[in-house]
Every structure is written in structure tokens, then in C-alpha cells.
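K.L.:
Okay, here's the structure, questions in a sec.
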Number of protein chains: 2
Amino acid sequence: MTADSHPTTGPIPNHGHDHAHCIADALMRADALCAERGARLTALRRQVLELVWTSHKPRGAYAILEDLSQREGKATAPLTVYRALEFLVEQGLVHRLESLNAYIGCAAPGAVHSGQFLVCETCGNAAEIDDPRIRAAIGTIAAERGFQVSRPTVEVRGTCTDCQEKTP
Amino acid sequence: MTADSHPTTGPIPNHGHDHAHCIADALMRADALCAERGARLTALRRQVLELVWTSHKPRGAYAILEDLSQREGKATAPLTVYRALEFLVEQGLVHRLESLNAYIGCAAPGAVHSGQFLVCETCGNAAEIDDPRIRAAIGTIAAERGFQVSRPTVEVRGTCTDCQEKTP
DNA sequence: TTCGGCGATGTTATAAGATAACGCCATGAC
DNA sequence: GTCATGGCGTTATCTTATAACATCGCCGAA
Ligand SMILES: [Zn+2]
Ligand SMILES: [Zn+2]
Ligand SMILES: [Zn+2]
Ligand SMILES: [Zn+2]
């Protein structure tokens, strides 16, 4: 069993953590999941996934595009990145943050979860959470109103602990 | 209560309701609130608010822009609409739906609420809710993690009752 | 009343995010 | 090998949003 470097129950990762491990771990899990599902994690898609994992800040498609172009040494079209992102989102390896038009690596791919985020407006980091109380509350009110949920979006913007300490 | 009645208490207003009343009511409340606050609900801003209230479907800024241009009989710049929307959002008269890049009139301006929505992916209607359980759950987990909430976003996409009946 | 300040609006240009349409090519089944 | 599928490249275009700067008009102070 892999060490839980980034528990989904933890706070926003601090600057001191071993991020190379995050990346390696994410890629490894992606390989395993896609192999298991018969999904094709091509070199390009894997590359884009790695670039999404550049940090724990949500990244815009065009930021990823720039990095990709630089790595490849040639200009890449936006569509290339968008198609890769679409695949990664479908596979649950990446989430799209609606309120930021940006993408972030999933903290727990493969597991059932609904995609809830705490987004710090100061440092830009986003922590994925999967709070059963929020999930339950949404399920309850939806049921009460006869609303059939397909995709719940919870993006809580605010200030993380670190940034509160720095700017009191 | 008959099986095919259309309850006005449903999650999303049905097609038969008196929408002119919705609009008039929204404008009246906006007038009152802005007067109370000393905020300037100018003719332009009031016009944009009215256009946001065209229906209970979230509307894009450029759709509003088109309507506005048509009403004025002359082309209007996007910024004009965006500035009006910015004002209306600040005043809590309009909400922005992040997952749709669209705007919708607030159902309860003036009252404290966090902006939660049930969005039907079939008919496009959106119902504003303010479920205390969801609010509480978000508050709880934020407190547990030392995260200071400034703007919670909850947008639940799915299928409303009407659309479920039409397409079983 | 007139003046000055400030917020609202107009104008033009551009940034940022996303998709459409078409075709080539690699992969893998048969 | 042949063929079908799906991934990827290319070009163009669309939608959404903001920047920078000029002007207008309301309102209070002199
Ligand atoms: Zn990390
Ligand atoms: Zn932070
Ligand atoms: Zn109505
Ligand atoms: Zn519906």
C-alpha cells in the first residue's frame, strides 16, 4: 500500500512537501487505472496529466498549452490540450474547477467522489475534499425536490490557514 | 391534488406561472434595496436587471447584450453589460453561475444567503435554493480545516422533475 | 450659480477560454 | 494485408471577459 502523502482529508499541501512524489504517484495511479479500464493513456495525455500536476494550484488550459509547446519544442494547438483534458476529466484523473476555468489533478482517482474543493483566493491552491455531510445534504434536498443529480459542483472560495497567518 | 397539476412550490417555476409578476417584483425589490443602501440603480442597470429576468434560465452576458442593443436601437459594447452585471452582483440582485458562465436574478435579494442552485441540464432552468444543511456542512468542514470561507459556490447539475417526466 | 470631483457610461482594442470542420496516420482486429 | 477506429494535427472561428482611456452628468461645496 502506498504511503498517503496527500490524504484527501488533509489541508492544502504546504510548500515543503515532496511534490515530485505527488506527480510520480499520480502518474502511476493513472497508468494502473487506464490499464484496468482499457483506456488509452497515450504519451500526449500522460504528458498533459503531468503538466496539470505541476502544482496544487488549478491551471488554465493555455498555461498547460504553453508548457507543452515548450517541452515539445514546437507550437501546439489549443485543441490538442483540450482533447487531452477532456479524456482525463472523463477518466476522473483531472477535475475542472468551474469558478476558475482551470484544471487540477484528482486527489483520489478511481474512488467514488463528487468533486468538492476549498480554493484559496490568496495563494491559489485548491484542496479537494469529499465531505459526506455536504454530499448527504445535497442528496437530501435534491430528493425532496425530485431533482435528479448528475454532477454536483462545490467550490468554496476563501482563505487557507497559511494565508490567514501571513496576512492577519 | 391531481397527478398532472403544476405546483408552484416546485424546484423550478413551471411554464404556466405569471412571469410578468416575477419581473415586476424583482424590479420593485431592487428599487427598494438600492434606495435603502444609497446605491444607484441607474436606468441602464435597471434595464440589464430586467433582461436578466427575461426567464428563469441563466443568461449569458452576450445574450443580454443583444437584447439591450435591440431595445436601444444601437449597438452596445460588452463592457456596458459587464459593468452593469458587476454592480448587480455586488448588490446581490443577480448571481453568476460559474459552471455556465451565465447570470440569473436572485430569488431573495437582501436576505442572507449563499447562492446554491439546482440547474437542469435538459431545460436550462435554474432554481436558487438556500439549504441550511448544505450551508452548515460547508461551514463545519471549513472550520475543521481552519479555512475561512468568503464565497461558497454550490451548483448542482441534473434533471428537474418536469424533464424527468418528459424523458423517462 | 458656478465649479470641481467623482462615479457612470462610451469607445476601441485585446486577452483568455473553448470549439468546429476536415483530414491524416497509427493501432489493432480480422 | 485490409479495414475500421480512434488519436492527433491544422486552420479557422466562436464565446466570454477585461484593459486603457475619453467623456458625460450628477451633486455638493464655495
Ligand atoms: Zn504535491
Ligand atoms: Zn492559501
Ligand atoms: Zn417567473
Ligand atoms: Zn428541466
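In the C-alpha cells, chains take letters A, B, ... by order of appearance, with residues numbered from 1 within each chain and ligands from 1 in the order shown.
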For the structure I just gave you, how does DSSP split stretch 17-152 of chain B - specifically, which residues are strand (DSSP E)? Reply as an NGL selection string.
P.N.:
:B and (94-97 or 102-105 or 116-120 or 126-129 or 148-152)
K.L.:
With N, CA, C and O atoms kept, could you save the residues just selected as an mmCIF file, in the first residue's frame?
P.N.:
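Wrote it out as result_15.cif, contents follow:
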```
data_model
loop_
_atom_site.group_PDB
_atom_site.id
_atom_site.type_symbol
_atom_site.label_atom_id
_atom_site.label_comp_id
_atom_site.auth_asym_id
_atom_site.auth_seq_id
_atom_site.Cartn_x
_atom_site.Cartn_y
_atom_site.Cartn_z
ATOM 1 N N VAL B 94 -28.256 39.848 -8.508
ATOM 2 C CA VAL B 94 -28.025 38.860 -9.558
ATOM 3 C C VAL B 94 -26.919 37.927 -9.095
ATOM 4 O O VAL B 94 -26.010 38.335 -8.384
ATOM 5 N N HIS B 95 -27.032 36.665 -9.468
ATOM 6 C CA HIS B 95 -25.948 35.720 -9.192
ATOM 7 C C HIS B 95 -25.302 35.296 -10.499
ATOM 8 O O HIS B 95 -25.952 35.248 -11.545
ATOM 9 N N ARG B 96 -24.040 34.975 -10.385
ATOM 10 C CA ARG B 96 -23.338 34.425 -11.541
ATOM 11 C C ARG B 96 -23.214 32.919 -11.361
ATOM 12 O O ARG B 96 -22.781 32.437 -10.317
ATOM 13 N N LEU B 97 -23.642 32.179 -12.374
ATOM 14 C CA LEU B 97 -23.488 30.727 -12.321
ATOM 15 C C LEU B 97 -22.171 30.346 -12.964
ATOM 16 O O LEU B 97 -22.011 30.421 -14.187
ATOM 17 N N ALA B 102 -22.936 32.274 -16.791
ATOM 18 C CA ALA B 102 -24.207 32.937 -17.058
ATOM 19 C C ALA B 102 -24.743 33.572 -15.783
ATOM 20 O O ALA B 102 -24.264 33.295 -14.682
ATOM 21 N N TYR B 103 -25.753 34.421 -15.973
ATOM 22 C CA TYR B 103 -26.264 35.215 -14.864
ATOM 23 C C TYR B 103 -27.750 34.970 -14.672
ATOM 24 O O TYR B 103 -28.484 34.718 -15.630
ATOM 25 N N ILE B 104 -28.186 35.050 -13.412
ATOM 26 C CA ILE B 104 -29.591 34.800 -13.114
ATOM 27 C C ILE B 104 -30.028 35.720 -11.987
ATOM 28 O O ILE B 104 -29.237 36.069 -11.103
ATOM 29 N N GLY B 105 -31.282 36.128 -12.021
ATOM 30 C CA GLY B 105 -31.789 37.008 -10.986
ATOM 31 C C GLY B 105 -31.861 36.305 -9.639
ATOM 32 O O GLY B 105 -32.177 35.122 -9.564
ATOM 33 N N GLN B 116 -26.971 28.881 -3.796
ATOM 34 C CA GLN B 116 -26.915 27.474 -4.170
ATOM 35 C C GLN B 116 -27.941 27.278 -5.279
ATOM 36 O O GLN B 116 -29.014 27.853 -5.237
ATOM 37 N N PHE B 117 -27.606 26.426 -6.237
ATOM 38 C CA PHE B 117 -28.504 26.277 -7.380
ATOM 39 C C PHE B 117 -28.689 24.828 -7.804
ATOM 40 O O PHE B 117 -27.752 24.024 -7.744
ATOM 41 N N LEU B 118 -29.923 24.530 -8.212
ATOM 42 C CA LEU B 118 -30.205 23.288 -8.915
ATOM 43 C C LEU B 118 -30.370 23.662 -10.383
ATOM 44 O O LEU B 118 -31.258 24.447 -10.728
ATOM 45 N N VAL B 119 -29.514 23.140 -11.218
ATOM 46 C CA VAL B 119 -29.524 23.522 -12.626
ATOM 47 C C VAL B 119 -29.922 22.326 -13.486
ATOM 48 O O VAL B 119 -29.247 21.290 -13.469
ATOM 49 N N CYS B 120 -31.021 22.466 -14.222
ATOM 50 C CA CYS B 120 -31.465 21.376 -15.086
ATOM 51 C C CYS B 120 -30.713 21.426 -16.411
ATOM 52 O O CYS B 120 -30.739 22.432 -17.112
ATOM 53 N N ALA B 126 -32.839 27.136 -13.823
ATOM 54 C CA ALA B 126 -32.053 27.020 -12.601
ATOM 55 C C ALA B 126 -32.880 27.523 -11.426
ATOM 56 O O ALA B 126 -33.521 28.568 -11.527
ATOM 57 N N ALA B 127 -32.890 26.773 -10.352
ATOM 58 C CA ALA B 127 -33.639 27.162 -9.167
ATOM 59 C C ALA B 127 -32.669 27.497 -8.045
ATOM 60 O O ALA B 127 -31.784 26.704 -7.725
ATOM 61 N N GLU B 128 -32.835 28.680 -7.486
ATOM 62 C CA GLU B 128 -31.974 29.044 -6.378
ATOM 63 C C GLU B 128 -32.530 28.431 -5.105
ATOM 64 O O GLU B 128 -33.722 28.498 -4.820
ATOM 65 N N ILE B 129 -31.644 27.799 -4.348
ATOM 66 C CA ILE B 129 -32.058 27.263 -3.067
ATOM 67 C C ILE B 129 -31.122 27.835 -2.005
ATOM 68 O O ILE B 129 -30.112 28.436 -2.321
ATOM 69 N N GLN B 148 -11.095 29.844 5.971
ATOM 70 C CA GLN B 148 -12.028 30.956 6.140
ATOM 71 C C GLN B 148 -12.818 31.182 4.850
ATOM 72 O O GLN B 148 -12.271 31.609 3.845
ATOM 73 N N VAL B 149 -14.089 30.913 4.903
ATOM 74 C CA VAL B 149 -14.925 30.967 3.704
ATOM 75 C C VAL B 149 -15.294 32.401 3.345
ATOM 76 O O VAL B 149 -15.686 33.189 4.193
ATOM 77 N N SER B 150 -15.146 32.729 2.074
ATOM 78 C CA SER B 150 -15.617 34.036 1.630
ATOM 79 C C SER B 150 -16.774 33.895 0.636
ATOM 80 O O SER B 150 -17.693 34.683 0.622
ATOM 81 N N ARG B 151 -16.675 32.889 -0.215
ATOM 82 C CA ARG B 151 -17.728 32.765 -1.222
ATOM 83 C C ARG B 151 -17.939 31.302 -1.599
ATOM 84 O O ARG B 151 -17.218 30.757 -2.424
ATOM 85 N N PRO B 152 -18.922 30.671 -0.990
ATOM 86 C CA PRO B 152 -19.209 29.277 -1.306
ATOM 87 C C PRO B 152 -19.997 29.194 -2.608
ATOM 88 O O PRO B 152 -20.884 30.001 -2.853
#
```
K.L.:
Quick one: everything within 10 Å of D:DG7, counting only C-alpha atoms (C1' of nucleotides), minus sequence neighbours fewer than 4 positions away in the same chain. Send it as a list of chain:residue names.
P.N.:
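In the requested format, the answer is A:Arg40, A:Thr42, A:Leu44, A:Arg83, A:Ala84, C:DC25, C:DA26, C:DT27.
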K.L.:
If the limit is 12 Å from any atom of ligand 3, counting only C-alpha atoms (C1' of nucleotides) and all ligand atoms, which residues qualify? Return them as a ChimeraX atom specification.
P.N.:
/B:8,12-26,50,52-57,104-107,125-127
K.L.:
Using only N, CA and C atoms, please write the residues we just selected to a file, as a PDB file, in the first residue's frame.
P.N.:
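out38.pdb written:
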```
ATOM      1  N   THR B   8     -46.563  25.329  -7.804  1.00  0.00           N
ATOM      2  CA  THR B   8     -45.676  26.490  -7.902  1.00  0.00           C
ATOM      3  C   THR B   8     -44.570  26.411  -6.852  1.00  0.00           C
ATOM      4  N   ILE B  12     -38.301  24.276  -9.724  1.00  0.00           N
ATOM      5  CA  ILE B  12     -38.136  25.191 -10.837  1.00  0.00           C
ATOM      6  C   ILE B  12     -39.519  25.661 -11.287  1.00  0.00           C
ATOM      7  N   PRO B  13     -39.690  26.961 -11.424  1.00  0.00           N
ATOM      8  CA  PRO B  13     -41.001  27.503 -11.799  1.00  0.00           C
ATOM      9  C   PRO B  13     -41.507  26.853 -13.082  1.00  0.00           C
ATOM     10  N   ASN B  14     -42.745  26.502 -13.107  1.00  0.00           N
ATOM     11  CA  ASN B  14     -43.281  25.849 -14.303  1.00  0.00           C
ATOM     12  C   ASN B  14     -43.621  26.865 -15.382  1.00  0.00           C
ATOM     13  N   HIS B  15     -43.938  26.332 -16.544  1.00  0.00           N
ATOM     14  CA  HIS B  15     -44.126  27.213 -17.696  1.00  0.00           C
ATOM     15  C   HIS B  15     -45.385  28.061 -17.601  1.00  0.00           C
ATOM     16  N   GLY B  16     -46.291  27.663 -16.736  1.00  0.00           N
ATOM     17  CA  GLY B  16     -47.562  28.360 -16.692  1.00  0.00           C
ATOM     18  C   GLY B  16     -47.617  29.551 -15.758  1.00  0.00           C
ATOM     19  N   HIS B  17     -46.554  29.804 -15.026  1.00  0.00           N
ATOM     20  CA  HIS B  17     -46.658  30.832 -13.983  1.00  0.00           C
ATOM     21  C   HIS B  17     -46.656  32.256 -14.558  1.00  0.00           C
ATOM     22  N   ASP B  18     -47.063  33.174 -13.719  1.00  0.00           N
ATOM     23  CA  ASP B  18     -47.161  34.568 -14.139  1.00  0.00           C
ATOM     24  C   ASP B  18     -45.795  35.239 -14.038  1.00  0.00           C
ATOM     25  N   HIS B  19     -45.039  35.140 -15.111  1.00  0.00           N
ATOM     26  CA  HIS B  19     -43.667  35.622 -15.038  1.00  0.00           C
ATOM     27  C   HIS B  19     -43.574  37.151 -15.034  1.00  0.00           C
ATOM     28  N   ALA B  20     -44.543  37.787 -15.628  1.00  0.00           N
ATOM     29  CA  ALA B  20     -44.541  39.253 -15.594  1.00  0.00           C
ATOM     30  C   ALA B  20     -44.493  39.730 -14.147  1.00  0.00           C
ATOM     31  N   HIS B  21     -45.152  38.967 -13.311  1.00  0.00           N
ATOM     32  CA  HIS B  21     -45.152  39.308 -11.885  1.00  0.00           C
ATOM     33  C   HIS B  21     -43.769  39.131 -11.270  1.00  0.00           C
ATOM     34  N   CYS B  22     -43.077  38.065 -11.680  1.00  0.00           N
ATOM     35  CA  CYS B  22     -41.702  37.835 -11.209  1.00  0.00           C
ATOM     36  C   CYS B  22     -40.839  39.055 -11.526  1.00  0.00           C
ATOM     37  N   ILE B  23     -40.944  39.525 -12.763  1.00  0.00           N
ATOM     38  CA  ILE B  23     -40.114  40.641 -13.217  1.00  0.00           C
ATOM     39  C   ILE B  23     -40.451  41.916 -12.435  1.00  0.00           C
ATOM     40  N   ALA B  24     -41.737  42.222 -12.386  1.00  0.00           N
ATOM     41  CA  ALA B  24     -42.164  43.434 -11.687  1.00  0.00           C
ATOM     42  C   ALA B  24     -41.713  43.407 -10.236  1.00  0.00           C
ATOM     43  N   ASP B  25     -41.861  42.250  -9.632  1.00  0.00           N
ATOM     44  CA  ASP B  25     -41.485  42.089  -8.235  1.00  0.00           C
ATOM     45  C   ASP B  25     -39.982  42.295  -8.040  1.00  0.00           C
ATOM     46  N   ALA B  26     -39.205  41.694  -8.938  1.00  0.00           N
ATOM     47  CA  ALA B  26     -37.752  41.802  -8.837  1.00  0.00           C
ATOM     48  C   ALA B  26     -37.312  43.260  -8.956  1.00  0.00           C
ATOM     49  N   GLU B  50     -33.650  43.799 -15.677  1.00  0.00           N
ATOM     50  CA  GLU B  50     -34.888  43.327 -16.293  1.00  0.00           C
ATOM     51  C   GLU B  50     -34.593  42.252 -17.344  1.00  0.00           C
ATOM     52  N   VAL B  52     -31.980  40.296 -17.388  1.00  0.00           N
ATOM     53  CA  VAL B  52     -31.556  39.075 -16.698  1.00  0.00           C
ATOM     54  C   VAL B  52     -32.784  38.261 -16.304  1.00  0.00           C
ATOM     55  N   TRP B  53     -33.827  38.988 -15.952  1.00  0.00           N
ATOM     56  CA  TRP B  53     -35.055  38.340 -15.501  1.00  0.00           C
ATOM     57  C   TRP B  53     -35.973  37.907 -16.655  1.00  0.00           C
ATOM     58  N   THR B  54     -35.469  37.947 -17.862  1.00  0.00           N
ATOM     59  CA  THR B  54     -36.263  37.528 -19.026  1.00  0.00           C
ATOM     60  C   THR B  54     -36.904  36.160 -18.798  1.00  0.00           C
ATOM     61  N   SER B  55     -36.180  35.303 -18.134  1.00  0.00           N
ATOM     62  CA  SER B  55     -36.718  33.979 -17.816  1.00  0.00           C
ATOM     63  C   SER B  55     -36.043  33.467 -16.555  1.00  0.00           C
ATOM     64  N   HIS B  56     -36.320  32.226 -16.211  1.00  0.00           N
ATOM     65  CA  HIS B  56     -35.641  31.628 -15.066  1.00  0.00           C
ATOM     66  C   HIS B  56     -34.457  30.791 -15.511  1.00  0.00           C
ATOM     67  N   LYS B  57     -34.086  30.963 -16.754  1.00  0.00           N
ATOM     68  CA  LYS B  57     -32.861  30.315 -17.237  1.00  0.00           C
ATOM     69  C   LYS B  57     -31.716  31.308 -17.112  1.00  0.00           C
ATOM     70  N   ILE B 104     -28.186  35.050 -13.412  1.00  0.00           N
ATOM     71  CA  ILE B 104     -29.591  34.800 -13.114  1.00  0.00           C
ATOM     72  C   ILE B 104     -30.028  35.720 -11.987  1.00  0.00           C
ATOM     73  N   GLY B 105     -31.282  36.128 -12.021  1.00  0.00           N
ATOM     74  CA  GLY B 105     -31.789  37.008 -10.986  1.00  0.00           C
ATOM     75  C   GLY B 105     -31.861  36.305  -9.639  1.00  0.00           C
ATOM     76  N   CYS B 106     -31.540  37.040  -8.595  1.00  0.00           N
ATOM     77  CA  CYS B 106     -31.591  36.449  -7.258  1.00  0.00           C
ATOM     78  C   CYS B 106     -33.037  36.335  -6.789  1.00  0.00           C
ATOM     79  N   ALA B 107     -33.331  35.192  -6.178  1.00  0.00           N
ATOM     80  CA  ALA B 107     -34.698  34.920  -5.730  1.00  0.00           C
ATOM     81  C   ALA B 107     -35.015  35.624  -4.414  1.00  0.00           C
ATOM     82  N   ASN B 125     -33.376  25.545 -16.992  1.00  0.00           N
ATOM     83  CA  ASN B 125     -33.816  26.338 -15.852  1.00  0.00           C
ATOM     84  C   ASN B 125     -32.910  26.123 -14.643  1.00  0.00           C
ATOM     85  N   ALA B 126     -32.839  27.136 -13.823  1.00  0.00           N
ATOM     86  CA  ALA B 126     -32.053  27.020 -12.601  1.00  0.00           C
ATOM     87  C   ALA B 126     -32.880  27.523 -11.426  1.00  0.00           C
ATOM     88  N   ALA B 127     -32.890  26.773 -10.352  1.00  0.00           N
ATOM     89  CA  ALA B 127     -33.639  27.162  -9.167  1.00  0.00           C
ATOM     90  C   ALA B 127     -32.669  27.497  -8.045  1.00  0.00           C
TER      91      ALA B 127
END
```
K.L.:
Please determine the contact residues of chain C with respect to chain B at a cut-off of 9 Å, counting only C-alpha atoms (C1' of nucleotides), and supply them as a list in words.
P.N.:
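Result, ordered by chain then number: DA8, DT9, DG10 and DT11 of chain C.
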K.L.:
Taking only C-alpha atoms (C1' of nucleotides) and all ligand atoms into account, report as a list of chain:residue names which residues have an atom no farther than 6 Å from an atom of ligand 2.
P.N.:
A:Cys120, A:Thr122, A:Cys123, A:Asn125, A:Thr159, A:Cys160, A:Asp162, A:Cys163
K.L.:
Could you please select, counting only C-alpha atoms, the residues of chain B within 9 Å of chain A and state them as a PyMOL selection string?
P.N.:
chain B and resi 10-11+97-101+118+120-121+131-138+141-142+145-161+164
K.L.:
Kindly save the residues from that selection, with N, CA and C atoms included, as an mmCIF file, in the first residue's frame.
P.N.:
```cif
data_model
loop_
_atom_site.group_PDB
_atom_site.id
_atom_site.type_symbol
_atom_site.label_atom_id
_atom_site.label_comp_id
_atom_site.auth_asym_id
_atom_site.auth_seq_id
_atom_site.Cartn_x
_atom_site.Cartn_y
_atom_site.Cartn_z
ATOM 1 N N GLY B 10 -42.614 23.903 -6.620
ATOM 2 C CA GLY B 10 -41.596 23.004 -7.151
ATOM 3 C C GLY B 10 -40.240 23.689 -7.231
ATOM 4 N N PRO B 11 -39.233 22.904 -7.495
ATOM 5 C CA PRO B 11 -37.871 23.429 -7.507
ATOM 6 C C PRO B 11 -37.678 24.479 -8.603
ATOM 7 N N LEU B 97 -23.642 32.179 -12.374
ATOM 8 C CA LEU B 97 -23.488 30.727 -12.321
ATOM 9 C C LEU B 97 -22.171 30.346 -12.964
ATOM 10 N N GLU B 98 -21.245 29.934 -12.123
ATOM 11 C CA GLU B 98 -19.871 29.708 -12.570
ATOM 12 C C GLU B 98 -19.777 28.595 -13.605
ATOM 13 N N SER B 99 -20.590 27.584 -13.424
ATOM 14 C CA SER B 99 -20.465 26.426 -14.307
ATOM 15 C C SER B 99 -21.102 26.683 -15.669
ATOM 16 N N LEU B 100 -21.770 27.808 -15.815
ATOM 17 C CA LEU B 100 -22.426 28.120 -17.084
ATOM 18 C C LEU B 100 -21.954 29.437 -17.689
ATOM 19 N N ASN B 101 -21.116 30.150 -16.968
ATOM 20 C CA ASN B 101 -20.748 31.498 -17.388
ATOM 21 C C ASN B 101 -22.002 32.294 -17.719
ATOM 22 N N LEU B 118 -29.923 24.530 -8.212
ATOM 23 C CA LEU B 118 -30.205 23.288 -8.915
ATOM 24 C C LEU B 118 -30.370 23.662 -10.383
ATOM 25 N N CYS B 120 -31.021 22.466 -14.222
ATOM 26 C CA CYS B 120 -31.465 21.376 -15.086
ATOM 27 C C CYS B 120 -30.713 21.426 -16.411
ATOM 28 N N GLU B 121 -30.062 20.308 -16.718
ATOM 29 C CA GLU B 121 -29.249 20.261 -17.939
ATOM 30 C C GLU B 121 -30.115 20.071 -19.180
ATOM 31 N N ASP B 131 -30.189 25.944 1.203
ATOM 32 C CA ASP B 131 -30.383 24.863 2.151
ATOM 33 C C ASP B 131 -29.454 25.024 3.353
ATOM 34 N N PRO B 132 -30.036 25.112 4.551
ATOM 35 C CA PRO B 132 -29.216 25.318 5.749
ATOM 36 C C PRO B 132 -28.295 24.130 6.034
ATOM 37 N N ARG B 133 -28.703 22.932 5.594
ATOM 38 C CA ARG B 133 -27.852 21.759 5.836
ATOM 39 C C ARG B 133 -26.569 21.850 5.012
ATOM 40 N N ILE B 134 -26.722 22.273 3.766
ATOM 41 C CA ILE B 134 -25.534 22.432 2.928
ATOM 42 C C ILE B 134 -24.651 23.525 3.496
ATOM 43 N N ARG B 135 -25.291 24.640 3.850
ATOM 44 C CA ARG B 135 -24.523 25.748 4.408
ATOM 45 C C ARG B 135 -23.793 25.314 5.669
ATOM 46 N N ALA B 136 -24.497 24.577 6.514
ATOM 47 C CA ALA B 136 -23.901 24.114 7.766
ATOM 48 C C ALA B 136 -22.746 23.162 7.495
ATOM 49 N N ALA B 137 -22.945 22.247 6.558
ATOM 50 C CA ALA B 137 -21.907 21.263 6.260
ATOM 51 C C ALA B 137 -20.644 21.949 5.754
ATOM 52 N N ILE B 138 -20.823 22.932 4.897
ATOM 53 C CA ILE B 138 -19.662 23.663 4.379
ATOM 54 C C ILE B 138 -18.975 24.418 5.513
ATOM 55 N N ILE B 141 -16.957 21.856 7.786
ATOM 56 C CA ILE B 141 -15.687 21.332 7.281
ATOM 57 C C ILE B 141 -14.658 22.445 7.131
ATOM 58 N N ALA B 142 -15.118 23.636 6.801
ATOM 59 C CA ALA B 142 -14.198 24.764 6.705
ATOM 60 C C ALA B 142 -13.583 25.042 8.072
ATOM 61 N N ARG B 145 -10.940 22.643 9.119
ATOM 62 C CA ARG B 145 -9.659 22.776 8.412
ATOM 63 C C ARG B 145 -9.048 24.164 8.556
ATOM 64 N N GLY B 146 -9.681 25.008 9.349
ATOM 65 C CA GLY B 146 -9.155 26.353 9.516
ATOM 66 C C GLY B 146 -9.256 27.176 8.255
ATOM 67 N N PHE B 147 -10.217 26.831 7.418
ATOM 68 C CA PHE B 147 -10.378 27.551 6.157
ATOM 69 C C PHE B 147 -11.449 28.618 6.321
ATOM 70 N N GLN B 148 -11.095 29.844 5.971
ATOM 71 C CA GLN B 148 -12.028 30.956 6.140
ATOM 72 C C GLN B 148 -12.818 31.182 4.850
ATOM 73 N N VAL B 149 -14.089 30.913 4.903
ATOM 74 C CA VAL B 149 -14.925 30.967 3.704
ATOM 75 C C VAL B 149 -15.294 32.401 3.345
ATOM 76 N N SER B 150 -15.146 32.729 2.074
ATOM 77 C CA SER B 150 -15.617 34.036 1.630
ATOM 78 C C SER B 150 -16.774 33.895 0.636
ATOM 79 N N ARG B 151 -16.675 32.889 -0.215
ATOM 80 C CA ARG B 151 -17.728 32.765 -1.222
ATOM 81 C C ARG B 151 -17.939 31.302 -1.599
ATOM 82 N N PRO B 152 -18.922 30.671 -0.990
ATOM 83 C CA PRO B 152 -19.209 29.277 -1.306
ATOM 84 C C PRO B 152 -19.997 29.194 -2.608
ATOM 85 N N THR B 153 -19.652 28.250 -3.440
ATOM 86 C CA THR B 153 -20.352 28.042 -4.700
ATOM 87 C C THR B 153 -20.902 26.626 -4.745
ATOM 88 N N VAL B 154 -22.207 26.503 -4.870
ATOM 89 C CA VAL B 154 -22.837 25.188 -4.984
ATOM 90 C C VAL B 154 -23.757 25.198 -6.198
ATOM 91 N N GLU B 155 -23.377 24.445 -7.205
ATOM 92 C CA GLU B 155 -24.192 24.372 -8.419
ATOM 93 C C GLU B 155 -24.415 22.911 -8.779
ATOM 94 N N VAL B 156 -25.596 22.435 -8.471
ATOM 95 C CA VAL B 156 -25.902 21.022 -8.683
ATOM 96 C C VAL B 156 -26.569 20.844 -10.036
ATOM 97 N N ARG B 157 -25.879 20.181 -10.925
ATOM 98 C CA ARG B 157 -26.456 19.948 -12.246
ATOM 99 C C ARG B 157 -27.167 18.614 -12.265
ATOM 100 N N GLY B 158 -28.245 18.542 -13.050
ATOM 101 C CA GLY B 158 -29.016 17.312 -13.106
ATOM 102 C C GLY B 158 -30.269 17.511 -13.933
ATOM 103 N N THR B 159 -31.317 16.806 -13.557
ATOM 104 C CA THR B 159 -32.569 16.877 -14.311
ATOM 105 C C THR B 159 -33.719 17.214 -13.377
ATOM 106 N N CYS B 160 -34.506 18.203 -13.762
ATOM 107 C CA CYS B 160 -35.619 18.623 -12.919
ATOM 108 C C CYS B 160 -36.810 17.664 -13.083
ATOM 109 N N THR B 161 -37.769 17.809 -12.220
ATOM 110 C CA THR B 161 -38.919 16.903 -12.208
ATOM 111 C C THR B 161 -39.633 16.862 -13.553
ATOM 112 N N GLN B 164 -37.709 14.984 -16.169
ATOM 113 C CA GLN B 164 -37.681 13.545 -15.901
ATOM 114 C C GLN B 164 -38.959 12.891 -16.415
#
```
K.L.:
Compare B:Val48, B:Tyr62, B:Val89, B:Gly110 by their minimum atom-to-atom distance to chain D, counting only C-alpha atoms (C1' of nucleotides), and give me the closest one.
P.N.:
B:Tyr62
K.L.:
Among chain A, which ones does DSSP place in alpha helix (DSSP H), written as a count of residues only?
P.N.:
73
K.L.:
Identify which of the residues D:DA19, D:DG6, D:DG1, D:DT13 lies closest to chain B, counting only C-alpha atoms (C1' of nucleotides) when measuring atom-to-atom distances.
P.N.:
D:DA19
K.L.:
Can you tell me how far atom CA of B:Arg59 sits from atom C1' of D:DA17, in Å to one decimal?
P.N.:
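A separation of 15.1 Å between them.
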K.L.:
Identify, on the basis of only C-alpha atoms (C1' of nucleotides), every residue whose closest approach to C:DC6 does not exceed 10 Å; exclude the query and any residue fewer than 2 positions from it along the same chain; express the result as a ChimeraX atom specification.
P.N.:
/C:4,8 /D:26-27
